[in-house]
>>> print(open('structure_26.pdb').read())   # PDB, C-alpha atoms, pLDDT in the B column
ATOM      1  CA  MET R   1      33.029  38.699  45.057  1.00 98.00           C
ATOM      2  CA  LYS R   2      31.349  38.529  41.701  1.00 98.00           C
ATOM      3  CA  LEU R   3      29.988  35.194  40.469  1.00 98.00           C
ATOM      4  CA  THR R   4      29.185  34.664  36.792  1.00 98.00           C
ATOM      5  CA  VAL R   5      27.450  31.508  35.598  1.00 98.00           C
ATOM      6  CA  VAL R   6      29.351  30.383  32.505  1.00 98.00           C
ATOM      7  CA  GLY R   7      27.479  27.083  32.178  1.00 98.00           C
ATOM      8  CA  SER R   8      24.923  25.334  34.376  1.00 98.00           C
ATOM      9  CA  SER R   9      23.740  22.256  32.486  1.00 98.00           C
ATOM     10  CA  GLY R  10      24.340  18.826  33.993  1.00 98.00           C
ATOM     11  CA  SER R  11      25.633  15.681  32.260  1.00 97.00           C
ATOM     12  CA  PHE R  12      25.744  17.256  28.782  1.00 97.00           C
ATOM     13  CA  PRO R  13      25.108  20.717  27.330  1.00 97.00           C
ATOM     14  CA  SER R  14      21.564  21.855  26.685  1.00 97.00           C
ATOM     15  CA  ALA R  15      20.467  24.006  23.774  1.00 96.00           C
ATOM     16  CA  GLU R  16      20.742  26.995  26.111  1.00 97.00           C
ATOM     17  CA  SER R  17      23.723  26.223  28.307  1.00 98.00           C
ATOM     18  CA  ALA R  18      27.194  24.768  28.471  1.00 98.00           C
ATOM     19  CA  CYS R  19      27.988  22.342  31.251  1.00 98.00           C
ATOM     20  CA  SER R  20      29.190  23.344  34.711  1.00 98.00           C
ATOM     21  CA  SER R  21      31.507  26.347  34.858  1.00 98.00           C
ATOM     22  CA  TYR R  22      31.467  29.369  37.157  1.00 99.00           C
ATOM     23  CA  LEU R  23      33.689  32.443  37.175  1.00 98.00           C
ATOM     24  CA  VAL R  24      34.509  34.014  40.560  1.00 99.00           C
ATOM     25  CA  GLU R  25      36.197  37.420  40.626  1.00 98.00           C
ATOM     26  CA  ALA R  26      37.596  39.682  43.350  1.00 98.00           C
ATOM     27  CA  ASP R  27      40.406  42.246  43.492  1.00 98.00           C
ATOM     28  CA  GLY R  28      41.106  41.730  39.797  1.00 98.00           C
ATOM     29  CA  PHE R  29      41.670  37.969  40.272  1.00 98.00           C
ATOM     30  CA  ARG R  30      39.682  35.444  38.220  1.00 98.00           C
ATOM     31  CA  LEU R  31      39.078  31.932  39.543  1.00 99.00           C
ATOM     32  CA  LEU R  32      37.158  29.453  37.387  1.00 99.00           C
ATOM     33  CA  LEU R  33      35.247  26.651  39.077  1.00 99.00           C
ATOM     34  CA  ASP R  34      35.035  23.730  36.603  1.00 99.00           C
ATOM     35  CA  MET R  35      35.235  23.781  32.797  1.00 98.00           C
ATOM     36  CA  GLY R  36      32.682  21.340  31.397  1.00 98.00           C
ATOM     37  CA  ASN R  37      31.517  20.715  27.820  1.00 98.00           C
ATOM     38  CA  GLY R  38      31.027  23.982  25.936  1.00 98.00           C
ATOM     39  CA  ALA R  39      32.336  26.184  28.730  1.00 98.00           C
ATOM     40  CA  LEU R  40      35.453  27.441  26.965  1.00 98.00           C
ATOM     41  CA  GLY R  41      33.473  29.119  24.210  1.00 98.00           C
ATOM     42  CA  GLU R  42      31.002  30.704  26.610  1.00 98.00           C
ATOM     43  CA  LEU R  43      33.804  31.816  28.945  1.00 98.00           C
ATOM     44  CA  GLN R  44      35.110  34.128  26.249  1.00 98.00           C
ATOM     45  CA  ARG R  45      31.960  36.237  26.605  1.00 97.00           C
ATOM     46  CA  HIS R  46      33.127  37.128  30.125  1.00 98.00           C
ATOM     47  CA  CYS R  47      36.914  37.305  30.013  1.00 97.00           C
ATOM     48  CA  GLY R  48      39.817  36.869  27.634  1.00 95.00           C
ATOM     49  CA  LEU R  49      41.265  33.425  27.001  1.00 95.00           C
ATOM     50  CA  TYR R  50      44.425  34.356  28.863  1.00 97.00           C
ATOM     51  CA  ASP R  51      42.863  36.406  31.668  1.00 97.00           C
ATOM     52  CA  LEU R  52      42.115  33.545  34.063  1.00 98.00           C
ATOM     53  CA  ASP R  53      44.359  33.381  37.146  1.00 98.00           C
ATOM     54  CA  ALA R  54      43.463  29.930  38.535  1.00 98.00           C
ATOM     55  CA  ILE R  55      41.156  26.971  37.926  1.00 99.00           C
ATOM     56  CA  PHE R  56      39.475  24.589  40.371  1.00 99.00           C
ATOM     57  CA  LEU R  57      38.138  21.266  39.101  1.00 99.00           C
ATOM     58  CA  SER R  58      35.665  19.663  41.484  1.00 98.00           C
ATOM     59  CA  HIS R  59      36.077  16.243  39.863  1.00 98.00           C
ATOM     60  CA  LEU R  60      37.100  14.584  36.641  1.00 98.00           C
ATOM     61  CA  HIS R  61      33.823  13.704  34.959  1.00 98.00           C
ATOM     62  CA  ALA R  62      33.710  15.162  31.457  1.00 98.00           C
ATOM     63  CA  ASP R  63      30.858  17.580  32.153  1.00 98.00           C
ATOM     64  CA  HIS R  64      33.115  19.341  34.667  1.00 98.00           C
ATOM     65  CA  CYS R  65      36.554  19.224  33.061  1.00 98.00           C
ATOM     66  CA  ILE R  66      36.621  18.217  29.394  1.00 98.00           C
ATOM     67  CA  ASP R  67      36.999  21.735  27.950  1.00 98.00           C
ATOM     68  CA  MET R  68      40.381  21.848  29.664  1.00 98.00           C
ATOM     69  CA  LEU R  69      41.569  20.007  26.532  1.00 98.00           C
ATOM     70  CA  GLY R  70      40.635  22.915  24.309  1.00 98.00           C
ATOM     71  CA  TYR R  71      42.137  25.300  26.835  1.00 98.00           C
ATOM     72  CA  PHE R  72      45.386  23.329  26.655  1.00 98.00           C
ATOM     73  CA  VAL R  73      45.462  23.948  22.896  1.00 97.00           C
ATOM     74  CA  ALA R  74      44.825  27.670  23.392  1.00 97.00           C
ATOM     75  CA  ARG R  75      47.645  27.993  25.927  1.00 97.00           C
ATOM     76  CA  TYR R  76      50.198  25.539  24.530  1.00 97.00           C
ATOM     77  CA  TYR R  77      50.015  26.497  20.859  1.00 96.00           C
ATOM     78  CA  ARG R  78      49.507  30.252  21.247  1.00 95.00           C
ATOM     79  CA  HIS R  79      51.474  32.007  18.503  1.00 89.00           C
ATOM     80  CA  ASP R  80      51.142  35.679  19.394  1.00 90.00           C
ATOM     81  CA  GLY R  81      53.078  36.276  22.597  1.00 89.00           C
ATOM     82  CA  GLY R  82      54.457  32.754  22.807  1.00 89.00           C
ATOM     83  CA  ARG R  83      53.394  29.865  24.991  1.00 91.00           C
ATOM     84  CA  CYS R  84      51.531  30.840  28.160  1.00 94.00           C
ATOM     85  CA  ASP R  85      53.096  30.525  31.581  1.00 94.00           C
ATOM     86  CA  PRO R  86      51.540  27.722  33.665  1.00 98.00           C
ATOM     87  CA  ILE R  87      48.245  28.622  35.338  1.00 98.00           C
ATOM     88  CA  PRO R  88      47.443  26.975  38.703  1.00 98.00           C
ATOM     89  CA  VAL R  89      44.963  24.117  38.301  1.00 98.00           C
ATOM     90  CA  HIS R  90      43.593  22.617  41.522  1.00 98.00           C
ATOM     91  CA  GLY R  91      42.012  19.212  40.990  1.00 98.00           C
ATOM     92  CA  PRO R  92      41.712  15.700  42.413  1.00 98.00           C
ATOM     93  CA  GLU R  93      44.625  13.307  42.358  1.00 98.00           C
ATOM     94  CA  GLY R  94      45.360  12.186  38.807  1.00 98.00           C
ATOM     95  CA  THR R  95      44.087  15.338  37.087  1.00 98.00           C
ATOM     96  CA  GLU R  96      47.131  15.689  34.830  1.00 98.00           C
ATOM     97  CA  HIS R  97      46.987  12.031  33.797  1.00 97.00           C
ATOM     98  CA  ARG R  98      43.232  12.228  33.140  1.00 98.00           C
ATOM     99  CA  LEU R  99      43.551  15.253  30.878  1.00 98.00           C
ATOM    100  CA  THR R 100      46.599  13.879  29.057  1.00 98.00           C
ATOM    101  CA  THR R 101      44.836  10.565  28.457  1.00 97.00           C
ATOM    102  CA  ALA R 102      41.681  12.279  27.224  1.00 97.00           C
ATOM    103  CA  TYR R 103      43.674  14.437  24.804  1.00 97.00           C
ATOM    104  CA  ALA R 104      45.547  11.311  23.656  1.00 96.00           C
ATOM    105  CA  ASP R 105      48.080  13.087  21.427  1.00 94.00           C
ATOM    106  CA  THR R 106      50.033  15.631  23.477  1.00 96.00           C
ATOM    107  CA  PRO R 107      53.589  16.254  22.227  1.00 95.00           C
ATOM    108  CA  SER R 108      54.926  14.563  25.368  1.00 95.00           C
ATOM    109  CA  ALA R 109      53.673  13.005  28.582  1.00 94.00           C
ATOM    110  CA  SER R 110      54.489  16.237  30.415  1.00 96.00           C
ATOM    111  CA  SER R 111      53.068  18.749  27.928  1.00 97.00           C
ATOM    112  CA  MET R 112      50.006  19.511  30.047  1.00 97.00           C
ATOM    113  CA  SER R 113      52.206  20.599  32.925  1.00 98.00           C
ATOM    114  CA  GLU R 114      53.997  23.069  30.670  1.00 97.00           C
ATOM    115  CA  VAL R 115      50.908  25.305  30.683  1.00 98.00           C
ATOM    116  CA  PHE R 116      49.022  23.990  33.731  1.00 98.00           C
ATOM    117  CA  ASP R 117      50.546  24.065  37.219  1.00 98.00           C
ATOM    118  CA  PHE R 118      48.740  21.121  38.793  1.00 98.00           C
ATOM    119  CA  HIS R 119      47.923  21.074  42.532  1.00 98.00           C
ATOM    120  CA  THR R 120      46.254  18.043  44.126  1.00 98.00           C
ATOM    121  CA  VAL R 121      43.111  18.853  46.091  1.00 98.00           C
ATOM    122  CA  LYS R 122      42.509  17.171  49.423  1.00 98.00           C
ATOM    123  CA  PRO R 123      40.236  18.186  52.309  1.00 98.00           C
ATOM    124  CA  SER R 124      42.037  21.337  53.420  1.00 98.00           C
ATOM    125  CA  THR R 125      42.051  25.116  53.740  1.00 98.00           C
ATOM    126  CA  PHE R 126      44.372  27.132  51.513  1.00 98.00           C
ATOM    127  CA  GLU R 127      44.690  30.345  49.528  1.00 98.00           C
ATOM    128  CA  ILE R 128      43.941  30.875  45.849  1.00 98.00           C
ATOM    129  CA  GLY R 129      44.831  34.468  45.043  1.00 98.00           C
ATOM    130  CA  PRO R 130      42.774  36.726  47.340  1.00 98.00           C
ATOM    131  CA  PHE R 131      40.408  33.883  48.253  1.00 98.00           C
ATOM    132  CA  THR R 132      40.565  31.617  51.277  1.00 98.00           C
ATOM    133  CA  VAL R 133      39.105  28.294  50.193  1.00 98.00           C
ATOM    134  CA  HIS R 134      38.120  25.200  52.099  1.00 98.00           C
ATOM    135  CA  THR R 135      37.562  21.901  50.295  1.00 98.00           C
ATOM    136  CA  GLU R 136      35.873  18.729  51.478  1.00 98.00           C
ATOM    137  CA  ARG R 137      35.353  15.343  49.847  1.00 98.00           C
ATOM    138  CA  VAL R 138      31.713  14.874  48.871  1.00 98.00           C
ATOM    139  CA  ARG R 139      29.730  11.806  47.829  1.00 98.00           C
ATOM    140  CA  HIS R 140      30.064  10.868  44.170  1.00 98.00           C
ATOM    141  CA  PRO R 141      31.266   7.752  42.322  1.00 97.00           C
ATOM    142  CA  VAL R 142      34.652   9.369  41.648  1.00 98.00           C
ATOM    143  CA  GLU R 143      36.802  11.501  43.935  1.00 98.00           C
ATOM    144  CA  ALA R 144      34.919  14.795  44.120  1.00 98.00           C
ATOM    145  CA  TYR R 145      35.121  17.971  46.177  1.00 98.00           C
ATOM    146  CA  GLY R 146      32.861  20.778  47.214  1.00 98.00           C
ATOM    147  CA  ILE R 147      34.458  24.166  47.819  1.00 98.00           C
ATOM    148  CA  ARG R 148      33.847  27.089  50.161  1.00 99.00           C
ATOM    149  CA  VAL R 149      35.266  30.378  48.869  1.00 99.00           C
ATOM    150  CA  GLU R 150      35.688  33.271  51.322  1.00 98.00           C
ATOM    151  CA  HIS R 151      36.626  36.870  50.622  1.00 98.00           C
ATOM    152  CA  GLY R 152      35.920  40.128  52.430  1.00 97.00           C
ATOM    153  CA  GLY R 153      33.751  38.461  55.041  1.00 98.00           C
ATOM    154  CA  LYS R 154      31.493  36.861  52.400  1.00 98.00           C
ATOM    155  CA  VAL R 155      31.082  33.186  51.559  1.00 98.00           C
ATOM    156  CA  LEU R 156      30.303  31.347  48.319  1.00 99.00           C
ATOM    157  CA  THR R 157      29.853  27.585  48.470  1.00 99.00           C
ATOM    158  CA  TYR R 158      29.818  25.360  45.403  1.00 99.00           C
ATOM    159  CA  SER R 159      28.694  21.772  45.862  1.00 98.00           C
ATOM    160  CA  GLY R 160      30.258  20.188  42.790  1.00 98.00           C
ATOM    161  CA  ASP R 161      28.465  16.854  42.244  1.00 98.00           C
ATOM    162  CA  THR R 162      27.343  14.996  45.340  1.00 98.00           C
ATOM    163  CA  GLY R 163      24.722  13.042  47.178  1.00 98.00           C
ATOM    164  CA  VAL R 164      23.548  14.051  50.642  1.00 98.00           C
ATOM    165  CA  THR R 165      26.495  14.478  53.025  1.00 98.00           C
ATOM    166  CA  GLU R 166      27.334  16.314  56.237  1.00 98.00           C
ATOM    167  CA  ALA R 167      30.490  17.588  54.554  1.00 98.00           C
ATOM    168  CA  LEU R 168      28.367  19.727  52.247  1.00 98.00           C
ATOM    169  CA  ASP R 169      26.313  21.004  55.196  1.00 98.00           C
ATOM    170  CA  GLU R 170      29.516  22.309  56.760  1.00 98.00           C
ATOM    171  CA  LEU R 171      30.848  23.811  53.539  1.00 98.00           C
ATOM    172  CA  ALA R 172      27.579  25.723  53.135  1.00 98.00           C
ATOM    173  CA  ARG R 173      27.362  26.832  56.782  1.00 98.00           C
ATOM    174  CA  ASP R 174      26.065  30.462  56.801  1.00 98.00           C
ATOM    175  CA  ALA R 175      27.041  30.875  53.136  1.00 98.00           C
ATOM    176  CA  ASP R 176      25.900  34.095  51.517  1.00 98.00           C
ATOM    177  CA  LEU R 177      25.314  32.188  48.282  1.00 98.00           C
ATOM    178  CA  PHE R 178      25.057  28.426  48.007  1.00 99.00           C
ATOM    179  CA  LEU R 179      25.494  27.173  44.439  1.00 99.00           C
ATOM    180  CA  CYS R 180      24.157  23.651  44.683  1.00 98.00           C
ATOM    181  CA  GLU R 181      23.607  20.873  42.210  1.00 98.00           C
ATOM    182  CA  ALA R 182      20.084  19.501  41.807  1.00 98.00           C
ATOM    183  CA  ALA R 183      20.366  16.945  39.031  1.00 98.00           C
ATOM    184  CA  PHE R 184      17.687  14.537  40.229  1.00 98.00           C
ATOM    185  CA  THR R 185      13.938  14.929  40.707  1.00 97.00           C
ATOM    186  CA  HIS R 186      12.380  14.141  44.071  1.00 96.00           C
ATOM    187  CA  GLY R 187      10.258  10.998  43.789  1.00 91.00           C
ATOM    188  CA  LYS R 188      11.778   9.977  40.462  1.00 94.00           C
ATOM    189  CA  GLU R 189      15.487   9.126  40.740  1.00 92.00           C
ATOM    190  CA  SER R 190      16.814   7.667  43.970  1.00 85.00           C
ATOM    191  CA  ILE R 191      20.462   6.680  43.671  1.00 92.00           C
ATOM    192  CA  PRO R 192      22.528   7.276  46.834  1.00 91.00           C
ATOM    193  CA  ASP R 193      25.867   9.055  46.721  1.00 95.00           C
ATOM    194  CA  LEU R 194      25.422  10.333  43.183  1.00 97.00           C
ATOM    195  CA  HIS R 195      23.344  13.531  42.948  1.00 98.00           C
ATOM    196  CA  LEU R 196      20.935  15.702  44.907  1.00 98.00           C
ATOM    197  CA  ASN R 197      17.380  16.479  43.934  1.00 98.00           C
ATOM    198  CA  GLY R 198      15.763  19.875  44.387  1.00 98.00           C
ATOM    199  CA  ARG R 199      14.278  18.973  47.742  1.00 98.00           C
ATOM    200  CA  GLU R 200      17.603  17.674  49.078  1.00 98.00           C
ATOM    201  CA  ALA R 201      19.375  20.816  47.897  1.00 98.00           C
ATOM    202  CA  GLY R 202      16.800  22.895  49.761  1.00 98.00           C
ATOM    203  CA  GLU R 203      17.121  20.778  52.883  1.00 98.00           C
ATOM    204  CA  THR R 204      20.905  21.107  52.777  1.00 98.00           C
ATOM    205  CA  ALA R 205      20.625  24.894  52.486  1.00 98.00           C
ATOM    206  CA  ALA R 206      18.195  24.984  55.415  1.00 98.00           C
ATOM    207  CA  ARG R 207      20.392  22.839  57.654  1.00 98.00           C
ATOM    208  CA  ALA R 208      23.424  24.949  56.780  1.00 98.00           C
ATOM    209  CA  GLY R 209      21.692  28.270  57.384  1.00 98.00           C
ATOM    210  CA  ALA R 210      22.631  29.490  53.903  1.00 98.00           C
ATOM    211  CA  ARG R 211      21.224  32.880  52.967  1.00 98.00           C
ATOM    212  CA  ARG R 212      20.573  32.241  49.278  1.00 98.00           C
ATOM    213  CA  LEU R 213      20.287  29.085  47.204  1.00 98.00           C
ATOM    214  CA  VAL R 214      21.008  28.837  43.480  1.00 99.00           C
ATOM    215  CA  LEU R 215      20.232  25.470  41.881  1.00 98.00           C
ATOM    216  CA  THR R 216      22.537  24.270  39.124  1.00 98.00           C
ATOM    217  CA  HIS R 217      23.718  21.182  37.194  1.00 98.00           C
ATOM    218  CA  ILE R 218      20.178  20.331  36.090  1.00 98.00           C
ATOM    219  CA  PRO R 219      20.329  18.032  33.030  1.00 98.00           C
ATOM    220  CA  PRO R 220      18.285  18.763  29.901  1.00 97.00           C
ATOM    221  CA  TRP R 221      15.988  15.794  30.644  1.00 96.00           C
ATOM    222  CA  THR R 222      15.013  17.194  34.063  1.00 97.00           C
ATOM    223  CA  ASP R 223      12.316  19.839  34.553  1.00 97.00           C
ATOM    224  CA  PRO R 224      14.061  22.656  36.455  1.00 98.00           C
ATOM    225  CA  GLN R 225      10.773  24.216  37.560  1.00 98.00           C
ATOM    226  CA  VAL R 226       9.880  21.048  39.465  1.00 98.00           C
ATOM    227  CA  ASN R 227      13.223  21.083  41.264  1.00 98.00           C
ATOM    228  CA  LEU R 228      12.822  24.775  42.002  1.00 98.00           C
ATOM    229  CA  ARG R 229       9.392  24.179  43.516  1.00 98.00           C
ATOM    230  CA  HIS R 230      10.653  21.299  45.645  1.00 98.00           C
ATOM    231  CA  ALA R 231      13.554  23.376  46.980  1.00 98.00           C
ATOM    232  CA  ARG R 232      11.251  26.251  47.888  1.00 98.00           C
ATOM    233  CA  GLU R 233       9.010  23.895  49.843  1.00 98.00           C
ATOM    234  CA  VAL R 234      11.788  23.191  52.348  1.00 98.00           C
ATOM    235  CA  PHE R 235      14.014  26.294  52.266  1.00 98.00           C
ATOM    236  CA  ALA R 236      12.608  29.633  53.416  1.00 98.00           C
ATOM    237  CA  GLY R 237      15.298  31.804  51.836  1.00 98.00           C
ATOM    238  CA  PRO R 238      15.479  32.966  48.230  1.00 98.00           C
ATOM    239  CA  VAL R 239      15.904  30.163  45.685  1.00 98.00           C
ATOM    240  CA  GLU R 240      16.507  30.482  41.963  1.00 98.00           C
ATOM    241  CA  LEU R 241      17.852  28.582  38.990  1.00 98.00           C
ATOM    242  CA  ALA R 242      21.355  29.195  37.680  1.00 98.00           C
ATOM    243  CA  ALA R 243      21.356  30.441  34.100  1.00 98.00           C
ATOM    244  CA  PRO R 244      24.183  31.254  31.690  1.00 97.00           C
ATOM    245  CA  ARG R 245      25.438  34.847  31.896  1.00 97.00           C
ATOM    246  CA  GLN R 246      23.669  35.433  35.209  1.00 98.00           C
ATOM    247  CA  THR R 247      25.853  37.376  37.638  1.00 98.00           C
ATOM    248  CA  TYR R 248      25.728  37.715  41.418  1.00 98.00           C
ATOM    249  CA  ASP R 249      27.448  40.196  43.691  1.00 98.00           C
ATOM    250  CA  ILE R 250      28.353  38.482  46.942  1.00 98.00           C
TER     251      ILE R 250
END
>>> encode(input="structure_26.pdb", output="C-alpha cells")
Amino acid sequence: MKLTVVGSSGSFPSAESACSSYLVEADGFRLLLDMGNGALGELQRHCGLYDLDAIFLSHLHADHCIDMLGYFVARYYRHDGGRCDPIPVHGPEGTEHRLTTAYADTPSASSMSEVFDFHTVKPSTFEIGPFTVHTERVRHPVEAYGIRVEHGGKVLTYSGDTGVTEALDELARDADLFLCEAAFTHGKESIPDLHLNGREAGETAARAGARRLVLTHIPPWTDPQVNLRHAREVFAGPVELAAPRQTYDI
C-alpha cells in the first residue's frame, strides 16, 4: 500500500495544510480517507479529479467531509465526457442528507446520489476494492469511525477523530502504520470523548503494538512539536508528524 497525506490539519486548514484527507493506493485502486476543507485542491497534486475509486468518510464534521461539496460539482456538472458514474462513498448514517443540506441548492433531493453511491458504515468488516477494511465506532460527539485497512499482509489504521477507546486499540493492533489524531495537548485540554493528545496517541500505539506512529489532525493553534515529544515519551517505536505530500510505503 502507498499512503499519501493530502491534508493533516485539524479543525480548520493551516497556512501549510488542508484538513484531514489521506490517499491510499494499491493494485491501481485509489481509496480516499476523508475530504476536509481544502483537500480537493491538494488532491489534484496526487491524482486526477476522476481517478478516485472509492471514498471513506470517518464522520460528518466539516473538517473531514466538506470538500465533498466541491467534488459533487466536479462530478455532477462535468462537461467533457458527461456526468460521472457514481463513486462508492462509505460514511456514517445520514451522509447523503448531510451533504445535500450543506450544499443547500442541489437540482433535486437525490442529485448527490447520482454521482455518489452511498454506503452506510457500521462496525463491520468488508471489502473496498483490493482492501479488506474493518471499521469500529470511536468516541466523538457525532457518530464517528476508525478504520483498519489491510492489503498484502500489511495493515494501515486511521483513527479518525476520537477520545481514548479500546475500539481504537483493537483497530491498531499490530498495525504497520498507525495514523492517529493528536489534536489536544497533554496537560492543557482535557475533554473526554472528543480528541486525543500526543501522549494518549503514543499510549494507544504502545498498547496496540503498532510498528509506526504518525500523528495527524493537529490544529493550527496546537504546537505539533510538543505533541510529538509527548508521544515519543510513551511509545518506543518511530513517531513522526503527518505533513502534506508526505508518502509512505506500507
>>> resolve_selection(input="structure_26.pdb", expression="the PyMOL selection byres ((chain R and resi 37) around 6)", output="PyMOL selection string")
chain R and resi 18-19+36+38-39+63+66-67
>>> write_last_selection(input="structure_26.pdb", atoms="C-alpha atoms", output="mmCIF file, in the frame of the given file")
data_model
loop_
_atom_site.group_PDB
_atom_site.id
_atom_site.type_symbol
_atom_site.label_atom_id
_atom_site.label_comp_id
_atom_site.auth_asym_id
_atom_site.auth_seq_id
_atom_site.Cartn_x
_atom_site.Cartn_y
_atom_site.Cartn_z
ATOM 1 C CA ALA R 18 27.194 24.768 28.471
ATOM 2 C CA CYS R 19 27.988 22.342 31.251
ATOM 3 C CA GLY R 36 32.682 21.340 31.397
ATOM 4 C CA GLY R 38 31.027 23.982 25.936
ATOM 5 C CA ALA R 39 32.336 26.184 28.730
ATOM 6 C CA ASP R 63 30.858 17.580 32.153
ATOM 7 C CA ILE R 66 36.621 18.217 29.394
ATOM 8 C CA ASP R 67 36.999 21.735 27.950
#
>>> resolve_selection(input="structure_26.pdb", expression="the PyMOL selection byres ((chain R and resi 158) around 6)", output="list of chain:residue names")
R:Gly146, R:Ile147, R:Thr157, R:Ser159, R:Gly160, R:Leu179, R:Cys180
>>> atom_distance(input="structure_26.pdb", atom1="atom CA of R:Leu171", atom2="atom CA of R:Phe56")
15.8 Å
>>> atom_distance(input="structure_26.pdb", atom1="atom CA of R:Ala172", atom2="atom CA of R:Thr132")
14.4 Å
>>> closest_residue(input="structure_26.pdb", among="R:Asp34, R:Arg229, R:Gly187, R:Leu215", to="R:Tyr145", atoms="all atoms listed in the file")
R:Asp34
>>> residues_near_point(input="structure_26.pdb", point="(10.2, 28.9, 48.0)", cutoff="12 Å", atoms="all atoms listed in the file", output="VMD selection string")
chain R and resid 198 to 199 202 to 203 206 212 to 214 225 to 241
>>> closest_atom_pairs(input="structure_26.pdb", of="stretch 148-202 of chain R", to="stretch 2-16 of chain R", cutoff="12 Å", atoms="all atoms listed in the file", output="CSV")
residue,atom,partner,partner_atom,distance
R:Val149,CA,R:Leu3,CA,11.0
R:Glu150,CA,R:Lys2,CA,11.8
R:His151,CA,R:Lys2,CA,10.5
R:Gly152,CA,R:Lys2,CA,11.8
R:Lys154,CA,R:Lys2,CA,10.8
R:Val155,CA,R:Lys2,CA,11.2
R:Leu156,CA,R:Leu3,CA,8.7
R:Thr157,CA,R:Leu3,CA,11.0
R:Tyr158,CA,R:Leu3,CA,11.0
R:Gly160,CA,R:Gly10,CA,10.7
R:Asp161,CA,R:Gly10,CA,9.4
R:Asp176,CA,R:Leu3,CA,11.8
R:Leu177,CA,R:Leu3,CA,9.6
R:Phe178,CA,R:Leu3,CA,11.3
R:Leu179,CA,R:Leu3,CA,10.0
R:Cys180,CA,R:Ser8,CA,10.5
R:Glu181,CA,R:Gly10,CA,8.5
R:Ala182,CA,R:Gly10,CA,8.9
R:Ala183,CA,R:Gly10,CA,6.7
R:Phe184,CA,R:Gly10,CA,10.1
R:His195,CA,R:Gly10,CA,10.5
R:Leu196,CA,R:Gly10,CA,11.9
>>> residues_near_point(input="structure_26.pdb", point="(57.6, 31.1, 32.5)", cutoff="10 Å", atoms="only C-alpha atoms", output="ChimeraX atom specification")
/R:83-86,114-115
>>> atom_distance(input="structure_26.pdb", atom1="atom CA of R:Gly129", atom2="atom CA of R:Glu25")
10.1 Å
>>> residues_around(input="structure_26.pdb", residues="stretch 77-80 of chain R", least_positions_apart="5", cutoff="12 Å", atoms="all atoms listed in the file", output="count of residues only")
12
>>> axis_aligned_box(input="structure_26.pdb", around="stretch 68-72 of chain R", padding_each_side="4 Å", output="AutoDock Vina command-line options")
--center_x 42.9 --center_y 22.7 --center_z 27.0 --size_x 13.0 --size_y 13.3 --size_z 13.4
>>> decode(input="structure_26.pdb", residues="stretch 50-65 of chain R", atoms="N, CA and C atoms", output="PDB file, in the first residue's frame")
ATOM      1  N   TYR R  50     -10.961  12.592 -11.509  1.00  0.00           N
ATOM      2  CA  TYR R  50     -11.868  11.475 -11.765  1.00  0.00           C
ATOM      3  C   TYR R  50     -11.166  10.124 -11.650  1.00  0.00           C
ATOM      4  N   ASP R  51     -10.023  10.122 -10.949  1.00  0.00           N
ATOM      5  CA  ASP R  51      -9.244   8.886 -10.808  1.00  0.00           C
ATOM      6  C   ASP R  51      -9.451   8.171  -9.480  1.00  0.00           C
ATOM      7  N   LEU R  52     -10.220   8.780  -8.565  1.00  0.00           N
ATOM      8  CA  LEU R  52     -10.539   8.082  -7.322  1.00  0.00           C
ATOM      9  C   LEU R  52     -11.469   6.911  -7.612  1.00  0.00           C
ATOM     10  N   ASP R  53     -11.336   5.842  -6.802  1.00  0.00           N
ATOM     11  CA  ASP R  53     -12.207   4.669  -6.957  1.00  0.00           C
ATOM     12  C   ASP R  53     -13.202   4.516  -5.816  1.00  0.00           C
ATOM     13  N   ALA R  54     -12.911   5.083  -4.645  1.00  0.00           N
ATOM     14  CA  ALA R  54     -13.822   4.996  -3.504  1.00  0.00           C
ATOM     15  C   ALA R  54     -13.403   6.024  -2.464  1.00  0.00           C
ATOM     16  N   ILE R  55     -14.361   6.405  -1.621  1.00  0.00           N
ATOM     17  CA  ILE R  55     -14.128   7.383  -0.563  1.00  0.00           C
ATOM     18  C   ILE R  55     -14.692   6.835   0.740  1.00  0.00           C
ATOM     19  N   PHE R  56     -13.939   7.035   1.831  1.00  0.00           N
ATOM     20  CA  PHE R  56     -14.409   6.702   3.170  1.00  0.00           C
ATOM     21  C   PHE R  56     -14.428   7.980   3.987  1.00  0.00           C
ATOM     22  N   LEU R  57     -15.575   8.285   4.594  1.00  0.00           N
ATOM     23  CA  LEU R  57     -15.698   9.443   5.466  1.00  0.00           C
ATOM     24  C   LEU R  57     -15.840   8.963   6.900  1.00  0.00           C
ATOM     25  N   SER R  58     -14.874   9.323   7.731  1.00  0.00           N
ATOM     26  CA  SER R  58     -14.872   8.824   9.112  1.00  0.00           C
ATOM     27  C   SER R  58     -16.028   9.400   9.919  1.00  0.00           C
ATOM     28  N   HIS R  59     -16.375  10.656   9.654  1.00  0.00           N
ATOM     29  CA  HIS R  59     -17.530  11.280  10.296  1.00  0.00           C
ATOM     30  C   HIS R  59     -17.880  12.543   9.537  1.00  0.00           C
ATOM     31  N   LEU R  60     -18.920  13.231   9.990  1.00  0.00           N
ATOM     32  CA  LEU R  60     -19.507  14.285   9.183  1.00  0.00           C
ATOM     33  C   LEU R  60     -19.229  15.691   9.702  1.00  0.00           C
ATOM     34  N   HIS R  61     -18.179  15.871  10.482  1.00  0.00           N
ATOM     35  CA  HIS R  61     -17.731  17.221  10.788  1.00  0.00           C
ATOM     36  C   HIS R  61     -17.075  17.816   9.544  1.00  0.00           C
ATOM     37  N   ALA R  62     -17.201  19.133   9.393  1.00  0.00           N
ATOM     38  CA  ALA R  62     -16.780  19.782   8.155  1.00  0.00           C
ATOM     39  C   ALA R  62     -15.315  19.552   7.821  1.00  0.00           C
ATOM     40  N   ASP R  63     -14.455  19.500   8.843  1.00  0.00           N
ATOM     41  CA  ASP R  63     -13.022  19.350   8.556  1.00  0.00           C
ATOM     42  C   ASP R  63     -12.657  17.943   8.097  1.00  0.00           C
ATOM     43  N   HIS R  64     -13.656  17.086   7.913  1.00  0.00           N
ATOM     44  CA  HIS R  64     -13.424  15.750   7.375  1.00  0.00           C
ATOM     45  C   HIS R  64     -14.256  15.453   6.125  1.00  0.00           C
ATOM     46  N   CYS R  65     -15.230  16.313   5.814  1.00  0.00           N
ATOM     47  CA  CYS R  65     -16.097  15.954   4.684  1.00  0.00           C
ATOM     48  C   CYS R  65     -16.526  17.101   3.790  1.00  0.00           C
TER      49      CYS R  65
END
